[in-house]
Amino acid sequence: MAMPGRGGILTCHYESIEMLYASYLSFVSNGALFVPSDKLQQLGDEVFIAITLPNSSERLPMNGKVVWINSKSQGSRPAGFAVQIGSDVSGQRIKNEVERLLAGKIDSLQSTYTM
């Protein structure tokens, strides 16, 4: 779950590969990550999130635009929003690391938090 950090910065810890898989939107240009949250966002909002990937304690900074919204929880899909991964150096590092962690799983037919 995304938690408010200092100065309104959100933090999101992806605890497992399964959670990361359910959160990754590979069909979005440059990828996107779903952030479980009750915080209201609008499509197109610019947000800053500090994310932590599975098996890591390093917080990675991520800027991006909101490209998906689940306004309320439905079944196994939590409320939250997805943020498109930026094309800057930090964004590319995150995208590369996410895709490395999800190698062989990205095209799986498992349900996700968005579809």
# chains A, B, ... in the order shown; residues from 1 in each chain; ligands from 1
>>> residues_around(residues="Asp45 (chain A)", least_positions_apart="4", cutoff="7 Å", atoms="only C-alpha atoms", output="list in words")
Gln41, Lys65 and Val66 of chain A
>>> closest_atom_pairs(of="region 11-45 of chain A", to="region 79-92 of chain A", cutoff="9 Å", atoms="only C-alpha atoms", output="tab-separated table")
residue	atom	partner	partner_atom	distance
A:Ser23	CA	A:Ala82	CA	8.0
A:Tyr24	CA	A:Ala82	CA	8.5
A:Leu25	CA	A:Ala82	CA	8.0
A:Val28	CA	A:Gln84	CA	7.1
A:Ser29	CA	A:Gln84	CA	7.6
A:Asn30	CA	A:Ile85	CA	6.0
A:Gly31	CA	A:Ile85	CA	5.7
A:Ala32	CA	A:Gln84	CA	4.0
A:Leu33	CA	A:Ala82	CA	5.2
A:Phe34	CA	A:Ala82	CA	3.8
A:Val35	CA	A:Phe81	CA	5.4
A:Pro36	CA	A:Gly80	CA	4.3
A:Ser37	CA	A:Gly80	CA	4.3
A:Asp38	CA	A:Gly80	CA	6.1
A:Lys39	CA	A:Gly80	CA	7.2
A:Leu40	CA	A:Gly80	CA	7.9
A:Gln41	CA	A:Phe81	CA	7.2
A:Gln42	CA	A:Phe81	CA	8.8
A:Leu43	CA	A:Phe81	CA	8.8
>>> select_by_dssp(residues="chain A", states="strand (DSSP E or B)", output="MDAnalysis selection string")
chainID A and resid 3:4 10:13 24:25 32:36 46:52 60:70 74 77 80:84
>>> write_last_selection(atoms="N, CA and C atoms", output="compact mmCIF listing (two decimals), in the first residue's frame")
# COMPACT_ATOMS: atom_id res chain seq x y z
N MET A 3 2.09 4.73 0.99
CA MET A 3 2.01 5.50 2.22
C MET A 3 2.53 6.90 1.94
N PRO A 4 1.90 7.93 2.52
CA PRO A 4 2.43 9.27 2.34
C PRO A 4 3.79 9.38 3.03
N LEU A 10 4.81 9.92 -2.07
CA LEU A 10 4.29 8.59 -1.78
C LEU A 10 5.42 7.59 -1.80
N THR A 11 5.30 6.57 -0.97
CA THR A 11 6.24 5.46 -1.01
C THR A 11 5.44 4.19 -1.26
N CYS A 12 6.03 3.28 -2.00
CA CYS A 12 5.36 2.02 -2.31
C CYS A 12 6.39 0.90 -2.28
N HIS A 13 6.12 -0.10 -1.46
CA HIS A 13 7.02 -1.26 -1.35
C HIS A 13 6.35 -2.46 -1.99
N TYR A 24 2.53 -4.39 -12.56
CA TYR A 24 3.24 -3.90 -13.75
C TYR A 24 2.32 -3.87 -14.97
N LEU A 25 2.26 -2.73 -15.63
CA LEU A 25 1.47 -2.56 -16.85
C LEU A 25 2.43 -2.52 -18.03
N ALA A 32 4.35 0.87 -16.72
CA ALA A 32 3.75 1.64 -15.63
C ALA A 32 3.65 0.72 -14.42
N LEU A 33 3.60 1.31 -13.25
CA LEU A 33 3.45 0.56 -12.01
C LEU A 33 2.19 1.00 -11.28
N PHE A 34 1.40 0.01 -10.86
CA PHE A 34 0.20 0.28 -10.09
C PHE A 34 0.59 0.51 -8.64
N VAL A 35 0.00 1.52 -8.04
CA VAL A 35 0.28 1.89 -6.65
C VAL A 35 -1.02 1.73 -5.86
N PRO A 36 -1.13 0.68 -5.04
CA PRO A 36 -2.33 0.54 -4.21
C PRO A 36 -2.42 1.73 -3.25
N GLU A 46 0.81 14.49 -12.41
CA GLU A 46 2.23 14.19 -12.25
C GLU A 46 2.45 13.83 -10.78
N VAL A 47 3.08 12.70 -10.54
CA VAL A 47 3.34 12.27 -9.17
C VAL A 47 4.79 11.85 -9.01
N PHE A 48 5.23 11.88 -7.77
CA PHE A 48 6.57 11.41 -7.41
C PHE A 48 6.39 10.31 -6.37
N ILE A 49 7.00 9.17 -6.65
CA ILE A 49 6.89 8.01 -5.75
C ILE A 49 8.27 7.45 -5.50
N ALA A 50 8.53 7.09 -4.27
CA ALA A 50 9.75 6.35 -3.92
C ALA A 50 9.34 4.89 -3.82
N ILE A 51 9.86 4.05 -4.72
CA ILE A 51 9.47 2.64 -4.73
C ILE A 51 10.60 1.75 -4.22
N THR A 52 10.20 0.64 -3.64
CA THR A 52 11.15 -0.39 -3.22
C THR A 52 10.72 -1.68 -3.90
N LEU A 60 13.83 3.71 -4.78
CA LEU A 60 14.13 4.27 -6.09
C LEU A 60 13.13 5.39 -6.40
N PRO A 61 13.62 6.57 -6.78
CA PRO A 61 12.72 7.68 -7.08
C PRO A 61 12.09 7.51 -8.46
N MET A 62 10.79 7.78 -8.55
CA MET A 62 10.09 7.64 -9.83
C MET A 62 9.13 8.80 -10.02
N ASN A 63 9.31 9.53 -11.12
CA ASN A 63 8.38 10.57 -11.55
C ASN A 63 7.55 10.01 -12.68
N GLY A 64 6.30 10.39 -12.76
CA GLY A 64 5.50 9.94 -13.89
C GLY A 64 4.08 10.47 -13.83
N LYS A 65 3.33 10.13 -14.88
CA LYS A 65 1.94 10.55 -15.00
C LYS A 65 1.01 9.40 -14.63
N VAL A 66 -0.09 9.75 -14.00
CA VAL A 66 -1.12 8.77 -13.69
C VAL A 66 -1.80 8.38 -15.01
N VAL A 67 -1.80 7.05 -15.31
CA VAL A 67 -2.36 6.57 -16.57
C VAL A 67 -3.50 5.56 -16.35
N TRP A 68 -3.78 5.20 -15.09
CA TRP A 68 -4.83 4.22 -14.79
C TRP A 68 -5.34 4.49 -13.39
N ILE A 69 -6.63 4.34 -13.20
CA ILE A 69 -7.21 4.54 -11.87
C ILE A 69 -8.20 3.42 -11.57
N ASN A 70 -8.04 2.80 -10.41
CA ASN A 70 -9.07 1.94 -9.81
C ASN A 70 -9.62 2.77 -8.66
N GLN A 74 -12.24 -3.82 -6.01
CA GLN A 74 -13.24 -4.73 -6.58
C GLN A 74 -12.60 -6.10 -6.68
N ARG A 77 -8.78 -6.69 -6.99
CA ARG A 77 -8.16 -5.47 -7.51
C ARG A 77 -8.32 -4.34 -6.50
N GLY A 80 -6.47 2.27 -6.23
CA GLY A 80 -5.15 2.85 -6.46
C GLY A 80 -5.04 3.42 -7.86
N PHE A 81 -3.82 3.64 -8.28
CA PHE A 81 -3.57 4.25 -9.58
C PHE A 81 -2.25 3.72 -10.13
N ALA A 82 -2.10 3.80 -11.46
CA ALA A 82 -0.85 3.38 -12.09
C ALA A 82 -0.14 4.61 -12.63
N VAL A 83 1.19 4.59 -12.48
CA VAL A 83 2.03 5.70 -12.90
C VAL A 83 2.95 5.21 -14.01
N GLN A 84 2.91 5.92 -15.14
CA GLN A 84 3.79 5.58 -16.25
C GLN A 84 5.24 5.84 -15.85
>>> atom_distance(atom1="CA of Ser26 (chain A)", atom2="CA of Glu99 (chain A)")
9.0 Å
>>> decode(residues="region 18-104 of chain A", atoms="C-alpha atoms", output="mmCIF file, in the first residue's frame")
data_model
loop_
_atom_site.group_PDB
_atom_site.id
_atom_site.type_symbol
_atom_site.label_atom_id
_atom_site.label_comp_id
_atom_site.auth_asym_id
_atom_site.auth_seq_id
_atom_site.Cartn_x
_atom_site.Cartn_y
_atom_site.Cartn_z
ATOM 1 C CA GLU A 18 3.810 -11.730 -7.411
ATOM 2 C CA MET A 19 2.834 -8.257 -6.185
ATOM 3 C CA LEU A 20 5.223 -6.654 -8.685
ATOM 4 C CA TYR A 21 3.745 -8.770 -11.503
ATOM 5 C CA ALA A 22 0.203 -7.759 -10.505
ATOM 6 C CA SER A 23 1.317 -4.104 -10.460
ATOM 7 C CA TYR A 24 3.240 -3.895 -13.750
ATOM 8 C CA LEU A 25 1.472 -2.561 -16.847
ATOM 9 C CA SER A 26 3.686 -3.761 -19.689
ATOM 10 C CA PHE A 27 1.194 -2.564 -22.318
ATOM 11 C CA VAL A 28 1.781 1.109 -21.426
ATOM 12 C CA SER A 29 4.547 2.867 -23.366
ATOM 13 C CA ASN A 30 7.720 2.472 -21.254
ATOM 14 C CA GLY A 31 5.689 0.499 -18.684
ATOM 15 C CA ALA A 32 3.753 1.638 -15.631
ATOM 16 C CA LEU A 33 3.453 0.557 -12.007
ATOM 17 C CA PHE A 34 0.199 0.279 -10.093
ATOM 18 C CA VAL A 35 0.281 1.886 -6.653
ATOM 19 C CA PRO A 36 -2.334 0.538 -4.213
ATOM 20 C CA SER A 37 -3.661 3.637 -2.474
ATOM 21 C CA ASP A 38 -6.775 5.355 -1.175
ATOM 22 C CA LYS A 39 -5.267 8.706 -2.213
ATOM 23 C CA LEU A 40 -7.343 10.244 -5.003
ATOM 24 C CA GLN A 41 -5.552 10.996 -8.244
ATOM 25 C CA GLN A 42 -6.706 12.185 -11.660
ATOM 26 C CA LEU A 43 -5.578 10.842 -15.030
ATOM 27 C CA GLY A 44 -2.614 12.910 -16.174
ATOM 28 C CA ASP A 45 -1.553 13.988 -12.660
ATOM 29 C CA GLU A 46 2.226 14.189 -12.251
ATOM 30 C CA VAL A 47 3.336 12.268 -9.171
ATOM 31 C CA PHE A 48 6.574 11.406 -7.411
ATOM 32 C CA ILE A 49 6.888 8.015 -5.749
ATOM 33 C CA ALA A 50 9.752 6.351 -3.924
ATOM 34 C CA ILE A 51 9.467 2.643 -4.726
ATOM 35 C CA THR A 52 11.151 -0.391 -3.224
ATOM 36 C CA LEU A 53 11.357 -3.530 -5.342
ATOM 37 C CA PRO A 54 11.266 -7.118 -4.024
ATOM 38 C CA ASN A 55 14.416 -8.320 -2.236
ATOM 39 C CA SER A 56 15.776 -4.784 -1.976
ATOM 40 C CA SER A 57 15.809 -2.084 0.670
ATOM 41 C CA GLU A 58 16.804 0.681 -1.773
ATOM 42 C CA ARG A 59 14.161 3.323 -2.432
ATOM 43 C CA LEU A 60 14.126 4.271 -6.092
ATOM 44 C CA PRO A 61 12.715 7.682 -7.085
ATOM 45 C CA MET A 62 10.094 7.644 -9.828
ATOM 46 C CA ASN A 63 8.375 10.566 -11.547
ATOM 47 C CA GLY A 64 5.496 9.940 -13.887
ATOM 48 C CA LYS A 65 1.939 10.551 -14.995
ATOM 49 C CA VAL A 66 -1.122 8.766 -13.693
ATOM 50 C CA VAL A 67 -2.364 6.568 -16.565
ATOM 51 C CA TRP A 68 -4.826 4.221 -14.793
ATOM 52 C CA ILE A 69 -7.213 4.539 -11.870
ATOM 53 C CA ASN A 70 -9.072 1.938 -9.813
ATOM 54 C CA SER A 71 -11.293 4.274 -7.820
ATOM 55 C CA LYS A 72 -12.404 1.511 -5.437
ATOM 56 C CA SER A 73 -11.456 -2.057 -4.575
ATOM 57 C CA GLN A 74 -13.235 -4.729 -6.584
ATOM 58 C CA GLY A 75 -12.533 -8.389 -5.909
ATOM 59 C CA SER A 76 -8.766 -8.915 -5.998
ATOM 60 C CA ARG A 77 -8.157 -5.466 -7.509
ATOM 61 C CA PRO A 78 -7.287 -2.855 -4.875
ATOM 62 C CA ALA A 79 -8.055 0.843 -5.109
ATOM 63 C CA GLY A 80 -5.152 2.847 -6.463
ATOM 64 C CA PHE A 81 -3.568 4.245 -9.581
ATOM 65 C CA ALA A 82 -0.852 3.383 -12.095
ATOM 66 C CA VAL A 83 2.031 5.701 -12.899
ATOM 67 C CA GLN A 84 3.793 5.582 -16.255
ATOM 68 C CA ILE A 85 7.510 5.005 -15.791
ATOM 69 C CA GLY A 86 9.497 8.023 -16.965
ATOM 70 C CA SER A 87 11.982 7.899 -19.824
ATOM 71 C CA ASP A 88 14.712 9.590 -17.754
ATOM 72 C CA VAL A 89 17.725 7.669 -16.394
ATOM 73 C CA SER A 90 15.945 6.841 -13.129
ATOM 74 C CA GLY A 91 12.868 5.608 -14.992
ATOM 75 C CA GLN A 92 14.928 3.431 -17.320
ATOM 76 C CA ARG A 93 16.728 1.909 -14.340
ATOM 77 C CA ILE A 94 13.378 1.050 -12.737
ATOM 78 C CA LYS A 95 11.942 -0.366 -15.969
ATOM 79 C CA ASN A 96 15.037 -2.504 -16.578
ATOM 80 C CA GLU A 97 15.038 -3.829 -13.008
ATOM 81 C CA VAL A 98 11.292 -4.582 -13.039
ATOM 82 C CA GLU A 99 11.593 -6.450 -16.336
ATOM 83 C CA ARG A 100 14.634 -8.353 -15.046
ATOM 84 C CA LEU A 101 12.700 -9.421 -11.952
ATOM 85 C CA LEU A 102 9.697 -10.413 -14.071
ATOM 86 C CA ALA A 103 11.674 -12.223 -16.790
ATOM 87 C CA GLY A 104 9.501 -14.964 -18.279
#
